[in-house]
Every structure is written in structure tokens, then in C-alpha cells.
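Asker: So I've got this file, start.cif, and it contains mmCIF, C-alpha atoms and all ligand atoms:
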```
data_my_file
#
loop_
_atom_site.label_atom_id
_atom_site.label_comp_id
_atom_site.auth_asym_id
_atom_site.auth_seq_id
_atom_site.Cartn_x
_atom_site.Cartn_y
_atom_site.Cartn_z
CA MET B 1 -9.67 -40.44 14.59
CA THR B 2 -12.42 -38.20 13.17
CA ASP B 3 -14.07 -35.54 15.26
CA ALA B 4 -15.62 -32.10 14.91
CA TYR B 5 -12.23 -30.59 14.12
CA GLU B 6 -11.57 -32.45 10.88
CA PRO B 7 -10.94 -30.12 7.90
CA ARG B 8 -13.53 -30.14 5.11
CA PRO B 9 -13.49 -28.38 1.72
CA GLU B 10 -16.05 -25.83 2.92
CA HIS B 11 -13.52 -24.60 5.47
CA LYS B 12 -11.37 -23.38 2.53
CA PHE B 13 -8.05 -24.22 4.17
CA THR B 14 -5.17 -23.57 1.79
CA PHE B 15 -1.38 -23.78 1.93
CA GLY B 16 1.31 -22.42 -0.37
CA LEU B 17 3.66 -24.87 -2.07
CA TRP B 18 6.45 -23.02 -0.24
CA THR B 19 4.91 -23.75 3.19
CA VAL B 20 4.66 -27.54 3.31
CA GLY B 21 7.53 -27.59 0.84
CA ASN B 22 9.80 -25.60 3.14
CA PRO B 23 12.98 -27.74 3.43
CA GLY B 24 13.93 -26.28 6.81
CA ARG B 25 16.80 -24.05 5.72
CA ASP B 26 17.36 -21.04 7.98
CA PRO B 27 20.00 -18.29 8.19
CA PHE B 28 22.09 -20.57 10.40
CA GLY B 29 21.59 -23.99 8.85
CA GLU B 30 21.15 -26.04 5.73
CA PRO B 31 17.93 -27.84 4.65
CA VAL B 32 16.90 -30.73 6.89
CA ARG B 33 14.13 -32.14 4.68
CA PRO B 34 14.08 -33.44 1.10
CA ALA B 35 12.76 -31.12 -1.60
CA LEU B 36 9.29 -32.40 -2.56
CA SER B 37 7.93 -31.78 -6.07
CA PRO B 38 4.76 -29.71 -6.60
CA VAL B 39 2.95 -32.95 -7.46
CA GLU B 40 4.11 -34.61 -4.22
CA LEU B 41 3.06 -31.50 -2.29
CA VAL B 42 -0.41 -31.49 -3.86
CA HIS B 43 -0.89 -35.12 -2.78
CA LEU B 44 0.46 -34.35 0.70
CA LEU B 45 -2.06 -31.51 1.07
CA ALA B 46 -4.87 -33.72 -0.18
CA GLU B 47 -3.85 -36.37 2.36
CA VAL B 48 -4.09 -33.95 5.29
CA GLY B 49 -7.44 -32.56 4.11
CA ALA B 50 -6.60 -29.15 2.64
CA TYR B 51 -8.99 -27.44 0.20
CA GLY B 52 -6.43 -25.70 -1.94
CA VAL B 53 -2.83 -25.00 -2.85
CA ASN B 54 -1.22 -21.65 -3.75
CA PHE B 55 2.07 -20.93 -5.47
CA HIS B 56 4.75 -18.43 -6.39
CA ASP B 57 5.81 -18.79 -10.01
CA ASP B 58 9.23 -20.07 -8.95
CA ASP B 59 7.76 -22.64 -6.51
CA LEU B 60 6.05 -24.36 -9.42
CA ILE B 61 8.35 -23.60 -12.36
CA PRO B 62 12.06 -23.07 -11.73
CA ILE B 63 13.10 -19.59 -12.88
CA ASP B 64 15.44 -21.04 -15.54
CA ALA B 65 13.11 -23.84 -16.74
CA SER B 66 12.98 -24.47 -20.49
CA PRO B 67 9.62 -24.06 -22.26
CA ALA B 68 9.42 -27.85 -22.54
CA ASP B 69 10.07 -28.28 -18.81
CA ARG B 70 7.51 -25.58 -18.05
CA GLU B 71 4.89 -27.36 -20.16
CA ARG B 72 5.57 -30.72 -18.48
CA ILE B 73 5.48 -29.23 -14.98
CA VAL B 74 2.17 -27.43 -15.58
CA ARG B 75 0.68 -30.56 -17.16
CA ASP B 76 1.72 -32.75 -14.22
CA PHE B 77 0.49 -30.14 -11.72
CA LYS B 78 -2.91 -29.94 -13.42
CA LYS B 79 -3.11 -33.77 -13.38
CA ALA B 80 -2.41 -33.84 -9.62
CA LEU B 81 -5.07 -31.16 -9.06
CA ALA B 82 -7.57 -33.21 -11.08
CA GLU B 83 -6.68 -36.40 -9.19
CA THR B 84 -7.02 -34.78 -5.76
CA GLY B 85 -9.68 -32.15 -6.38
CA LEU B 86 -7.47 -29.47 -4.82
CA LYS B 87 -8.18 -25.92 -5.98
CA VAL B 88 -5.77 -23.04 -6.71
CA PRO B 89 -7.45 -19.96 -5.15
CA MET B 90 -4.38 -17.72 -5.14
CA ALA B 91 -1.13 -17.17 -7.00
CA THR B 92 1.72 -14.77 -6.44
CA THR B 93 5.08 -13.80 -7.90
CA ASN B 94 8.44 -14.37 -6.31
CA LEU B 95 9.90 -10.90 -6.65
CA PHE B 96 12.27 -11.36 -3.75
CA GLY B 97 14.43 -14.46 -4.27
CA ASP B 98 16.42 -13.88 -7.43
CA PRO B 99 19.52 -11.64 -7.08
CA SER B 100 18.11 -9.34 -9.77
CA PHE B 101 15.61 -8.17 -7.14
CA LYS B 102 18.23 -7.51 -4.45
CA ASP B 103 17.34 -3.81 -4.44
CA GLY B 104 13.63 -4.29 -4.92
CA ALA B 105 11.42 -5.16 -7.86
CA PHE B 106 8.75 -2.54 -8.55
CA THR B 107 10.73 0.08 -6.56
CA SER B 108 14.22 -0.82 -7.79
CA ASN B 109 16.46 2.06 -8.87
CA ASP B 110 17.14 0.03 -12.03
CA ALA B 111 14.37 0.57 -14.61
CA ARG B 112 15.32 -2.76 -16.24
CA VAL B 113 14.60 -4.59 -12.99
CA ARG B 114 11.27 -2.78 -12.64
CA ALA B 115 10.37 -3.84 -16.18
CA TYR B 116 11.49 -7.44 -15.57
CA ALA B 117 9.29 -7.54 -12.43
CA LEU B 118 6.28 -6.48 -14.52
CA GLN B 119 7.04 -9.16 -17.12
CA LYS B 120 7.51 -11.85 -14.48
CA THR B 121 4.27 -10.85 -12.77
CA MET B 122 2.18 -10.70 -15.96
CA ARG B 123 3.40 -14.13 -17.01
CA ASN B 124 2.43 -15.62 -13.64
CA ILE B 125 -0.90 -13.81 -13.56
CA ASP B 126 -1.62 -15.64 -16.84
CA LEU B 127 -0.67 -18.98 -15.26
CA GLY B 128 -2.54 -18.28 -12.04
CA VAL B 129 -5.73 -17.49 -13.96
CA GLU B 130 -5.20 -20.60 -16.12
CA LEU B 131 -5.09 -22.69 -12.90
CA GLY B 132 -8.21 -21.03 -11.47
CA ALA B 133 -6.82 -18.36 -9.16
CA LYS B 134 -9.18 -15.49 -8.31
CA VAL B 135 -6.78 -13.65 -5.99
CA TYR B 136 -3.26 -12.48 -6.82
CA VAL B 137 -1.03 -11.58 -3.88
CA PHE B 138 1.72 -8.98 -3.89
CA TRP B 139 4.23 -9.24 -1.04
CA GLY B 140 6.89 -6.60 -1.53
CA GLY B 141 9.58 -8.37 0.48
CA ARG B 142 12.42 -6.56 -1.26
CA GLU B 143 10.63 -3.23 -1.71
CA GLY B 144 12.67 -1.33 0.83
CA VAL B 145 16.06 -0.10 1.91
CA GLU B 146 19.00 -0.76 4.18
CA THR B 147 19.90 2.90 3.92
CA ASP B 148 17.60 5.76 2.96
CA ALA B 149 20.56 7.29 1.22
CA SER B 150 19.88 4.76 -1.57
CA LYS B 151 16.35 5.74 -2.55
CA ASP B 152 13.93 8.65 -2.39
CA PRO B 153 10.83 7.27 -0.63
CA LEU B 154 8.60 9.38 -2.86
CA ALA B 155 10.21 7.88 -5.97
CA ALA B 156 9.69 4.42 -4.46
CA ILE B 157 6.02 5.11 -3.75
CA HIS B 158 5.49 6.50 -7.27
CA ARG B 159 7.19 3.43 -8.82
CA TYR B 160 5.09 1.08 -6.67
CA ARG B 161 1.94 2.91 -7.75
CA ASP B 162 2.97 2.86 -11.43
CA ALA B 163 3.55 -0.91 -11.23
CA MET B 164 0.23 -1.65 -9.53
CA ASN B 165 -1.62 0.64 -11.97
CA PHE B 166 0.06 -1.05 -14.94
CA LEU B 167 -0.88 -4.51 -13.64
CA THR B 168 -4.50 -3.66 -12.88
CA GLY B 169 -4.55 -2.25 -16.42
CA TYR B 170 -3.24 -5.61 -17.67
CA VAL B 171 -5.90 -7.61 -15.78
CA LYS B 172 -8.65 -5.33 -17.14
CA ASP B 173 -7.25 -5.57 -20.67
CA GLN B 174 -7.14 -9.37 -20.40
CA LYS B 175 -10.65 -9.36 -18.89
CA TYR B 176 -9.44 -11.65 -16.09
CA ASP B 177 -11.72 -12.36 -13.12
CA LEU B 178 -8.94 -11.54 -10.68
CA VAL B 179 -8.34 -9.19 -7.76
CA PHE B 180 -5.07 -8.14 -6.15
CA ALA B 181 -4.24 -8.50 -2.45
CA MET B 182 -1.22 -6.60 -1.13
CA GLU B 183 0.65 -7.98 1.86
CA ALA B 184 2.49 -5.79 4.35
CA LYS B 185 5.59 -6.58 6.39
CA PRO B 186 7.70 -4.08 8.36
CA ASN B 187 11.16 -5.56 7.69
CA GLU B 188 13.04 -8.78 6.77
CA PRO B 189 14.57 -9.34 4.37
CA ARG B 190 15.07 -5.56 3.93
CA HIS B 191 16.08 -3.36 6.83
CA ASP B 192 12.86 -1.36 6.25
CA ILE B 193 10.10 -2.40 3.86
CA TYR B 194 7.85 0.24 2.30
CA MET B 195 4.18 0.22 3.31
CA PRO B 196 5.09 -1.74 6.48
CA THR B 197 1.61 -2.41 7.87
CA THR B 198 -1.85 -3.32 6.60
CA GLY B 199 -3.00 0.17 7.56
CA ALA B 200 -0.29 1.75 5.41
CA LEU B 201 -1.36 -0.41 2.46
CA LEU B 202 -5.03 0.52 2.91
CA ALA B 203 -4.03 4.17 2.50
CA PHE B 204 -1.78 3.42 -0.50
CA ILE B 205 -4.50 1.41 -2.28
CA GLU B 206 -6.79 4.46 -2.30
CA THR B 207 -4.19 6.34 -4.40
CA LEU B 208 -4.31 3.76 -7.22
CA ASP B 209 -6.16 4.12 -10.56
CA HIS B 210 -8.39 1.12 -9.76
CA PRO B 211 -8.57 0.78 -5.97
CA GLU B 212 -11.69 -1.38 -6.37
CA MET B 213 -9.48 -4.14 -7.79
CA VAL B 214 -6.96 -4.06 -4.95
CA GLY B 215 -7.32 -5.25 -1.36
CA VAL B 216 -5.02 -6.59 1.33
CA ASN B 217 -3.60 -9.95 2.40
CA PRO B 218 -2.67 -9.32 6.07
CA GLU B 219 -0.38 -11.81 7.75
CA VAL B 220 -0.52 -12.48 11.50
CA ALA B 221 3.25 -12.60 11.90
CA HIS B 222 3.85 -9.38 10.01
CA GLU B 223 1.57 -7.20 12.16
CA HIS B 224 2.87 -8.92 15.30
CA MET B 225 6.44 -8.07 14.28
CA SER B 226 5.37 -4.43 14.67
CA GLY B 227 3.67 -5.15 18.00
CA LEU B 228 0.21 -4.52 16.54
CA ASN B 229 -3.17 -6.11 17.29
CA PHE B 230 -3.77 -8.28 14.22
CA MET B 231 -7.51 -8.61 14.68
CA HIS B 232 -7.82 -4.79 14.67
CA ALA B 233 -5.97 -4.70 11.32
CA ILE B 234 -8.35 -7.34 9.98
CA ALA B 235 -11.38 -5.40 11.28
CA GLN B 236 -10.19 -2.22 9.55
CA ALA B 237 -9.58 -4.14 6.29
CA TRP B 238 -13.02 -5.75 6.59
CA ASP B 239 -14.67 -2.38 7.29
CA ALA B 240 -12.99 -1.01 4.15
CA LYS B 241 -14.20 -4.04 2.15
CA LYS B 242 -10.55 -4.82 1.40
CA LEU B 243 -9.99 -8.17 3.14
CA PHE B 244 -9.40 -10.11 -0.09
CA HIS B 245 -7.17 -12.81 1.44
CA ILE B 246 -5.42 -13.63 4.73
CA ASP B 247 -2.13 -15.28 5.74
CA LEU B 248 -2.64 -17.23 8.95
CA ASN B 249 0.28 -18.22 11.15
CA ASP B 250 1.60 -17.25 14.57
CA GLN B 251 4.40 -15.11 15.95
CA ALA B 252 5.99 -13.87 19.15
CA PHE B 253 5.96 -10.09 19.28
CA GLY B 254 9.11 -8.23 18.31
CA ARG B 255 10.90 -11.22 16.78
CA TYR B 256 12.01 -12.03 13.24
CA ASP B 257 9.27 -13.54 11.02
CA GLN B 258 8.73 -16.92 12.68
CA ASP B 259 5.84 -18.11 10.47
CA LEU B 260 4.77 -20.48 13.28
CA ARG B 261 1.93 -22.97 13.04
CA PHE B 262 -1.37 -21.09 13.37
CA GLY B 263 -2.62 -20.80 16.94
CA SER B 264 0.55 -22.24 18.47
CA HIS B 265 1.80 -19.15 20.30
CA SER B 266 -0.63 -16.26 20.74
CA LEU B 267 -3.69 -18.22 21.85
CA LYS B 268 -5.81 -15.24 22.89
CA SER B 269 -5.19 -13.17 19.75
CA CYS B 270 -5.80 -16.21 17.55
CA PHE B 271 -9.07 -16.82 19.41
CA PHE B 272 -10.30 -13.27 18.79
CA LEU B 273 -9.10 -13.40 15.17
CA VAL B 274 -10.98 -16.60 14.35
CA LYS B 275 -14.04 -15.38 16.24
CA PHE B 276 -14.00 -12.17 14.18
CA LEU B 277 -13.60 -14.00 10.84
CA GLU B 278 -16.45 -16.37 11.70
CA ASP B 279 -18.68 -13.64 13.22
CA VAL B 280 -18.50 -11.62 9.97
CA SER B 281 -18.75 -14.80 7.81
CA TYR B 282 -15.48 -14.11 5.99
CA ALA B 283 -15.82 -16.23 2.84
CA GLY B 284 -12.22 -16.18 1.59
CA SER B 285 -9.44 -18.74 1.89
CA ARG B 286 -8.04 -19.57 5.30
CA HIS B 287 -4.47 -19.60 3.97
CA PHE B 288 -1.65 -20.81 6.18
CA ASP B 289 1.57 -19.00 5.31
CA SER B 290 3.79 -20.82 7.77
CA HIS B 291 6.02 -23.86 8.02
CA ALA B 292 7.02 -26.73 10.28
CA TYR B 293 9.84 -26.40 12.84
CA ARG B 294 13.30 -27.19 11.45
CA THR B 295 13.30 -30.19 13.80
CA GLU B 296 10.63 -31.95 11.72
CA ASP B 297 10.73 -34.58 8.99
CA VAL B 298 8.00 -34.90 6.31
CA ALA B 299 5.73 -36.67 8.83
CA GLY B 300 6.23 -33.63 11.07
CA VAL B 301 5.28 -31.36 8.16
CA LYS B 302 1.96 -33.23 7.95
CA ASP B 303 1.55 -32.73 11.72
CA PHE B 304 2.14 -29.01 11.14
CA ALA B 305 -0.49 -28.83 8.38
CA ARG B 306 -3.06 -30.89 10.31
CA GLY B 307 -2.43 -28.86 13.47
CA SER B 308 -2.91 -25.57 11.62
CA MET B 309 -6.37 -26.55 10.39
CA ARG B 310 -7.37 -28.33 13.59
CA SER B 311 -6.45 -25.34 15.76
CA TYR B 312 -8.46 -23.01 13.52
CA LEU B 313 -11.53 -25.25 13.95
CA ILE B 314 -11.01 -25.51 17.72
CA TYR B 315 -10.79 -21.71 17.99
CA LYS B 316 -13.93 -21.51 15.84
CA GLU B 317 -15.76 -23.75 18.33
CA LYS B 318 -14.43 -21.67 21.25
CA GLY B 319 -15.77 -18.55 19.52
CA ARG B 320 -19.20 -20.18 19.24
CA ARG B 321 -19.10 -21.04 22.96
CA TRP B 322 -18.17 -17.44 23.81
CA ASN B 323 -21.03 -16.10 21.71
CA GLU B 324 -23.47 -18.48 23.42
CA ASP B 325 -22.16 -18.16 26.99
CA LYS B 326 -24.98 -16.49 28.93
CA GLU B 327 -22.80 -14.90 31.62
CA ILE B 328 -20.36 -13.53 29.03
CA GLN B 329 -23.10 -12.15 26.84
CA ALA B 330 -24.81 -10.54 29.81
CA LEU B 331 -21.55 -8.75 30.70
CA VAL B 332 -21.03 -7.69 27.08
CA LYS B 333 -24.57 -6.28 26.97
CA GLU B 334 -24.20 -4.57 30.36
CA ALA B 335 -21.03 -2.77 29.22
CA SER B 336 -23.06 -0.67 26.78
CA ALA B 337 -26.39 -0.55 28.66
CA VAL B 338 -26.15 2.87 30.32
CA PRO B 339 -28.91 5.28 31.43
CA ARG B 340 -29.70 7.93 28.82
CA ASP B 341 -29.59 10.79 31.39
CA GLY B 342 -31.60 12.85 28.97
CA LEU B 343 -28.72 12.63 26.49
CA PRO B 344 -29.73 13.93 23.04
CA GLU B 345 -29.97 11.23 20.34
CA LEU B 346 -26.57 11.04 18.57
CA GLY B 347 -26.10 10.14 14.89
CA GLY B 348 -25.51 12.38 11.90
CA TYR B 349 -24.70 16.02 12.47
CA SER B 350 -27.43 18.56 12.96
CA ARG B 351 -27.24 22.03 14.46
CA ALA B 352 -29.96 21.06 16.91
CA THR B 353 -27.93 18.07 18.12
CA ALA B 354 -24.78 20.18 18.36
CA ASN B 355 -26.56 22.80 20.42
CA ALA B 356 -28.23 20.18 22.65
CA LEU B 357 -24.84 18.49 23.20
CA LYS B 358 -23.13 21.77 23.96
CA GLY B 359 -25.84 22.57 26.49
CA HIS B 360 -26.01 19.14 28.14
CA THR B 361 -24.71 18.72 31.72
CA PHE B 362 -22.56 15.57 32.14
CA ASP B 363 -21.92 14.02 35.55
CA ARG B 364 -18.25 13.51 34.70
CA LYS B 365 -17.41 12.03 38.13
CA ALA B 366 -20.16 9.43 37.81
CA LEU B 367 -18.95 8.57 34.28
CA GLY B 368 -15.47 7.91 35.65
CA ALA B 369 -16.60 6.06 38.77
CA ARG B 370 -18.47 3.30 36.90
CA GLY B 371 -16.93 -0.19 37.23
CA LEU B 372 -17.01 -2.01 33.87
CA LYS B 373 -16.50 -5.67 35.00
CA TYR B 374 -13.93 -6.32 32.27
CA GLU B 375 -11.78 -8.35 34.67
CA ARG B 376 -14.66 -10.82 35.08
CA LEU B 377 -15.41 -10.72 31.35
CA ASP B 378 -11.79 -11.43 30.41
CA GLN B 379 -11.49 -14.18 33.05
CA LEU B 380 -14.53 -15.92 31.55
CA THR B 381 -13.02 -15.45 28.07
CA VAL B 382 -9.75 -17.04 29.19
CA GLU B 383 -11.73 -19.90 30.74
CA VAL B 384 -13.47 -20.51 27.41
CA ILE B 385 -10.07 -20.59 25.68
CA LEU B 386 -8.65 -22.92 28.35
CA GLY B 387 -11.60 -25.22 27.94
CA VAL B 388 -13.24 -24.96 31.37
CA ARG B 389 -16.37 -23.18 30.01
C1 LIG B 401 5.57 -13.83 2.94
O1 LIG B 401 4.76 -13.87 4.06
C2 LIG B 401 4.79 -13.84 1.67
C3 LIG B 401 5.25 -14.89 0.74
O2 LIG B 401 5.22 -16.10 1.45
C4 LIG B 401 4.19 -14.87 -0.30
O3 LIG B 401 4.62 -14.04 -1.34
C5 LIG B 401 3.00 -14.26 0.35
C6 LIG B 401 1.77 -15.02 0.03
O4 LIG B 401 1.17 -15.58 1.11
N1 LIG B 401 3.39 -14.15 1.76
MN MN B 402 5.74 -14.27 7.20
MN MN B 403 2.60 -14.18 3.87
#
```
Can you dump the structure from the file as C-alpha cells?
Answerer:
Amino acid sequence: MTDAYEPRPEHKFTFGLWTVGNPGRDPFGEPVRPALSPVELVHLLAEVGAYGVNFHDDDLIPIDASPADRERIVRDFKKALAETGLKVPMATTNLFGDPSFKDGAFTSNDARVRAYALQKTMRNIDLGVELGAKVYVFWGGREGVETDASKDPLAAIHRYRDAMNFLTGYVKDQKYDLVFAMEAKPNEPRHDIYMPTTGALLAFIETLDHPEMVGVNPEVAHEHMSGLNFMHAIAQAWDAKKLFHIDLNDQAFGRYDQDLRFGSHSLKSCFFLVKFLEDVSYAGSRHFDSHAYRTEDVAGVKDFARGSMRSYLIYKEKGRRWNEDKEIQALVKEASAVPRDGLPELGGYSRATANALKGHTFDRKALGARGLKYERLDQLTVEVILGVR
């Protein structure tokens, strides 16, 4: 069945090898699905209509692969990309799986681990660029503590900054066409992860040597874990010109990282997120960092991938309907259409404006008495989402 919600390359839907390749292991159970090879995963993503595939170094090349194995794997991966036309927009390093990173990578107390993390990252930056990546993601899943007795947070921040500065220096030295996107998460697997939110990362990025090379890769689930409004985080990143990538999925508030299929739980927040991305013409990848339920077989994994893209496109259509709904737009306009009351023109500071404002008489009671019709506006919004408008 083909309809308006079929994925096309211009939608830039991407998945990580680790998402559709997730075997269904969880803290309480063993894998339920066979391990698929990167080549099989590329063909699976092509079959469901994805635009691109992303990878951690270890997803593609096992950490203990021989040089000959590495060469064969990369050759076969490139062949599958050529056969399917799939792109590789993003790459990232697994600095969280191997036991050597158990106390962090860039922020580890062990200088040898910090150095190994730089080596591992540089090597995969090389491979990512070779495969066409233009964005390199940094998720500091192990950059944190179980006890603050173990690490001075200032030392951790300085080490993080040193690592990011070294790696932007490497990219400049190599003359790579590559930007970095840092991804926040408040906890899991560490008890507390440094720079826990997108907002915290936006502040950290400004302290780097080359902040122009570094943006953010916000993930729905990770802001939701902190009980935050994800679309607001995206808007702030967009305003700061730092939305270099995005991890789409879904998540119940206050739970462990569920990495649910996009749009499957928080319908209203996903609606406003997609509407925002489309309203501002976000041109980056729509990357799904999520996985199928543990109940699913490989056919179910394809359902998960198709559903992720289809839901995005349905929300996109709902956003268009909201933007074109005459009653909704009239209420939106009315909310800001207020009498001037002789109010001085606001804008940049001037002494004249300050004096006029200080001298102005406000009818505070009238300001507070005004009904804003947001109940009606939200009801109409919900009706668009539910498909009755
Ligand atoms: C977790 O949400 C992280 C890892 O999946 C990966 O390093 C990054 C890239 O999307 N997200
Ligand atoms: Mn996640
Ligand atoms: Mn992610």
C-alpha cells in the first residue's frame, strides 16, 4: 500500500546500525533476535525506505577485529551502500561499552583511558569521513559518577573540554568537512551523567576553543527522562544555531531510557516537535535512535522502522493542517492582538523608552482579567491530532 506517508530520500530518515540491529537484550533478559550483519542491516533499511544508516565504530567493526577483518567489513559495507544507495550522514564512537570505559572515557580518572578514547575516536572519525559522514556525535554515556567522592566535577569538565578541543583540532588539521554534535542524557548507565541536558551542553559548547564546530544532538527520551519539554530544548538549540542532528524516539516521563518507536507514546509532544522542525525547515537527518519491543522478531523490527517514519510523516501532515486551520490560526492571532493603550514602542533600549515605560499607567486588573481562549485552542489542537479536524 502506498500513500502520502511513504518515506522518500528527501525526508532524510536515518537509523543507526544499533537500532534495527538491537537483538532485544535487556537488563532482565537475553537476546530474542538473531544478530544481523551490517550488510544485512543496510539491506533491511533499504527495504523499509530509509535514506541513511549511522554507526558506532564497534557496531560496524568488532573492537578486536584484525586489520584484514576490518578491511573486509568496510569493503562489504561500502558495497551494500553502493547497491542500495543508502547514505552515511553520521558516525559516532562507542565510548561506553568496553570495560575500559567503565569509569568514563574523556573524563576517566585514568589518563591512559582518556588517551585511548581519543585514539578510538580519531580512528572512527577517519572512517566516518571516508564513508561520507558530515556529523560526528558524542554521547558521553559513561561520563559520570555513581559517587561524587570518585571525581572532582571541575576536573571532569576540564578533561571533557580538553578532549573536545583536541578533537576539533584534529578535524581542522585533517581539513575534514565535519561538525560535532554532543548528546545529553541525565543518567543511565551512570548514576549521574555530566552535562545532563541539552541546555547544559549548549553552555559547555561556548567554553570550547572552536564552538562553531560543535552543536547538539538532542534525544527525545533523554530530555523526557528529566521531565523536560523536548520541543523547547530543540527551539533553544535552533535559536543558538546548534541543532546539528537529532535523535528521534519516544519516552514516558521519569522512566529509564525506553527508546520507544517515535510518536508511539507522547503524541502531543511529538506533534509539536515535528511541527517545529518542519516550520523552521530543519534540513538535517531525521535520525531514529530507538528499537523494537523485545517481543518482536525481525519482521517486527521492520514494522518498528516503518512505523517510525510513517508516524513522523503523519505528524508532519497534522502540523500542516494546524497551520492551515482557520479557526486555530484566528485564535493564535487573537492571543497577541491587544490594544496598544498608548504603550511606547518596545525594542532596543533607549533612555526615552525607559522613561516612557516608567511613566506609563498600566490597567493591571484589566491585564489580568483577559480570557485567552487557550482551552478552545488546545481542544482544536487535540482534535487535529486525533484526526477529527
Ligand atoms: C544513546 O542515545 C546514544 C547512542 O545510541 C549513540 O552514541 C548516540 C547516537 O545517536 N545516541
Ligand atoms: Mn536513548
Ligand atoms: Mn541517542
Asker: For ligand MN 402 (chain B), which of B:Gln258, B:Thr147, B:Ser37, B:Thr14 is the closest residue, counting all atoms listed in the file?
Answerer: B:Gln258
Asker: Return as a ChimeraX atom specification the residues of protein, DNA or RNA that approach ligand MN 403 (chain B) to within 9 Å, with all atoms listed in the file taken into account.
Answerer: /B:137,139,183-185,217-222,246-249,259,287-290
Asker: Hey, can you check how far CA of Met225 in chain B sits from CA of Phe244 in chain B?
Answerer: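 For CA of Met225 in chain B relative to CA of Phe244 in chain B, the distance reads 21.5 Å.
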Asker: Identify, on the basis of only C-alpha atoms, every residue whose closest approach to range 78-88 of chain B does not exceed 12 Å; exclude the query and any residue fewer than 6 positions from it along the same chain; express the result as a PyMOL selection string.
Answerer: chain B and resi 8-10+12-17+37-56+60+71-72+127-136+285+287
Asker: Create the file for the chosen residues now, containing C-alpha atoms and written as a compact mmCIF listing (two decimals), in the frame of the given file.
Answerer:
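Result saved to part.txt:
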```txt
# COMPACT_ATOMS: atom_id res chain seq x y z
CA ARG B 8 -13.53 -30.14 5.11
CA PRO B 9 -13.49 -28.38 1.72
CA GLU B 10 -16.05 -25.83 2.92
CA LYS B 12 -11.37 -23.38 2.53
CA PHE B 13 -8.05 -24.22 4.17
CA THR B 14 -5.17 -23.57 1.79
CA PHE B 15 -1.38 -23.78 1.93
CA GLY B 16 1.31 -22.42 -0.37
CA LEU B 17 3.66 -24.87 -2.07
CA SER B 37 7.93 -31.78 -6.07
CA PRO B 38 4.76 -29.71 -6.60
CA VAL B 39 2.95 -32.95 -7.46
CA GLU B 40 4.11 -34.61 -4.22
CA LEU B 41 3.06 -31.50 -2.29
CA VAL B 42 -0.41 -31.49 -3.86
CA HIS B 43 -0.89 -35.12 -2.78
CA LEU B 44 0.46 -34.35 0.70
CA LEU B 45 -2.06 -31.51 1.07
CA ALA B 46 -4.87 -33.72 -0.18
CA GLU B 47 -3.85 -36.37 2.36
CA VAL B 48 -4.09 -33.95 5.29
CA GLY B 49 -7.44 -32.56 4.11
CA ALA B 50 -6.60 -29.15 2.64
CA TYR B 51 -8.99 -27.44 0.20
CA GLY B 52 -6.43 -25.70 -1.94
CA VAL B 53 -2.83 -25.00 -2.85
CA ASN B 54 -1.22 -21.65 -3.75
CA PHE B 55 2.07 -20.93 -5.47
CA HIS B 56 4.75 -18.43 -6.39
CA LEU B 60 6.05 -24.36 -9.42
CA GLU B 71 4.89 -27.36 -20.16
CA ARG B 72 5.57 -30.72 -18.48
CA LEU B 127 -0.67 -18.98 -15.26
CA GLY B 128 -2.54 -18.28 -12.04
CA VAL B 129 -5.73 -17.49 -13.96
CA GLU B 130 -5.20 -20.60 -16.12
CA LEU B 131 -5.09 -22.69 -12.90
CA GLY B 132 -8.21 -21.03 -11.47
CA ALA B 133 -6.82 -18.36 -9.16
CA LYS B 134 -9.18 -15.49 -8.31
CA VAL B 135 -6.78 -13.65 -5.99
CA TYR B 136 -3.26 -12.48 -6.82
CA SER B 285 -9.44 -18.74 1.89
CA HIS B 287 -4.47 -19.60 3.97
```
Asker: Could you please determine the separation between CA of Gly348 in chain B and CA of Arg364 in chain B in Å, to one decimal place?
Answerer: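 Taking CA of Gly348 in chain B and CA of Arg364 in chain B, their separation equals 24.0 Å.
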Asker: From the options B:Asn22, B:Ser308, B:Thr2, B:Thr93, which residue's atoms come nearest to ligand LIG 401 (chain B), counting all atoms listed in the file?
Answerer: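 When distances to ligand LIG 401 (chain B) are compared using all atoms listed in the file, the smallest one comes from B:Thr93.
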Asker: For Ser100 in chain B, find every residue with an atom within 10 Å (counting all atoms listed in the file), except residues of its own chain fewer than 5 positions away, and show them as a list of chain:residue names.
Answerer: B:Leu95, B:Ala105, B:Ser108, B:Asp110, B:Arg112, B:Val113, B:Arg114, B:Tyr116, B:Ala117
Asker: What does the structure give for the distance between CA of Lys242 in chain B and CA of Ala203 in chain B, in Å to one decimal?
Answerer: 11.2 Å
Asker: Pick the closest to ligand LIG 401 (chain B) from B:Tyr293, B:Phe262, B:Phe138, B:Phe180: which is it, counting all atoms listed in the file?
Answerer: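 The closest residue to ligand LIG 401 (chain B) is B:Phe138.
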Asker: Measuring atom to atom with all atoms listed in the file, identify which of B:Pro7, B:Gly359, B:Gly300, B:Gly141 is nearest to ligand MN 402 (chain B).
Answerer: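 Distance minimum relative to ligand MN 402 (chain B) lands on B:Gly141.
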Asker: Nearest residue to ligand MN 402 (chain B) out of B:Asn187, B:Thr207, B:Thr107, B:Asn165, using all atoms listed in the file?
Answerer: B:Asn187
Asker: Go ahead and find all residues with at least one atom no further than 10 Å from (14.8, -11.5, 13.3) in the file's coordinates, using all atoms listed in the file; report them as a list of chain:residue names.
Answerer: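 Answer for this query, in the requested form: B:Pro27, B:Asn187, B:Glu188, B:Pro189, B:Met225, B:Gly254, B:Arg255, B:Tyr256, B:Asp257, B:Gln258.
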Asker: For ligand MN 402 (chain B), which residue out of B:His291, B:His232, B:Arg123, B:His158 is the nearest one, using all atoms listed in the file?
Answerer: B:His291
Asker: Counting only C-alpha atoms, find the residues whose atoms lie at most 9 Å from (-0.5, -12.9, 16.8) (file coordinates) and write them out as a VMD selection string.
Answerer: chain B and resid 220 to 225 227 to 231 249 to 253 262 to 263 265 to 270 273
Asker: Within 12 Å of Lys172 in chain B, counting all atoms listed in the file, which residues qualify if same-chain residues fewer than 6 places away don't, as a list of chain:residue names?
Answerer: B:Asn165, B:Phe166, B:Leu178, B:Val179, B:Phe180, B:Asp209, B:His210, B:Glu212, B:Met213
Asker: Excluding Gly104 in chain B and residues on its chain fewer than 5 positions from it, collect all residues at most 7 Å away from it, counting all atoms listed in the file, and give them as a ChimeraX atom specification.
Answerer: /B:142-144
Asker: Any idea what's packed within 9 Å of Leu202 in chain B, counting all atoms listed in the file, ignoring anything in its chain fewer than 3 positions away? Could you give it as a list in words?
Answerer: Thr197, Thr198, Gly199, Ile205, Glu206, Gly215, Val216, Gln236, Ala237, Ala240 and Lys242 of chain B
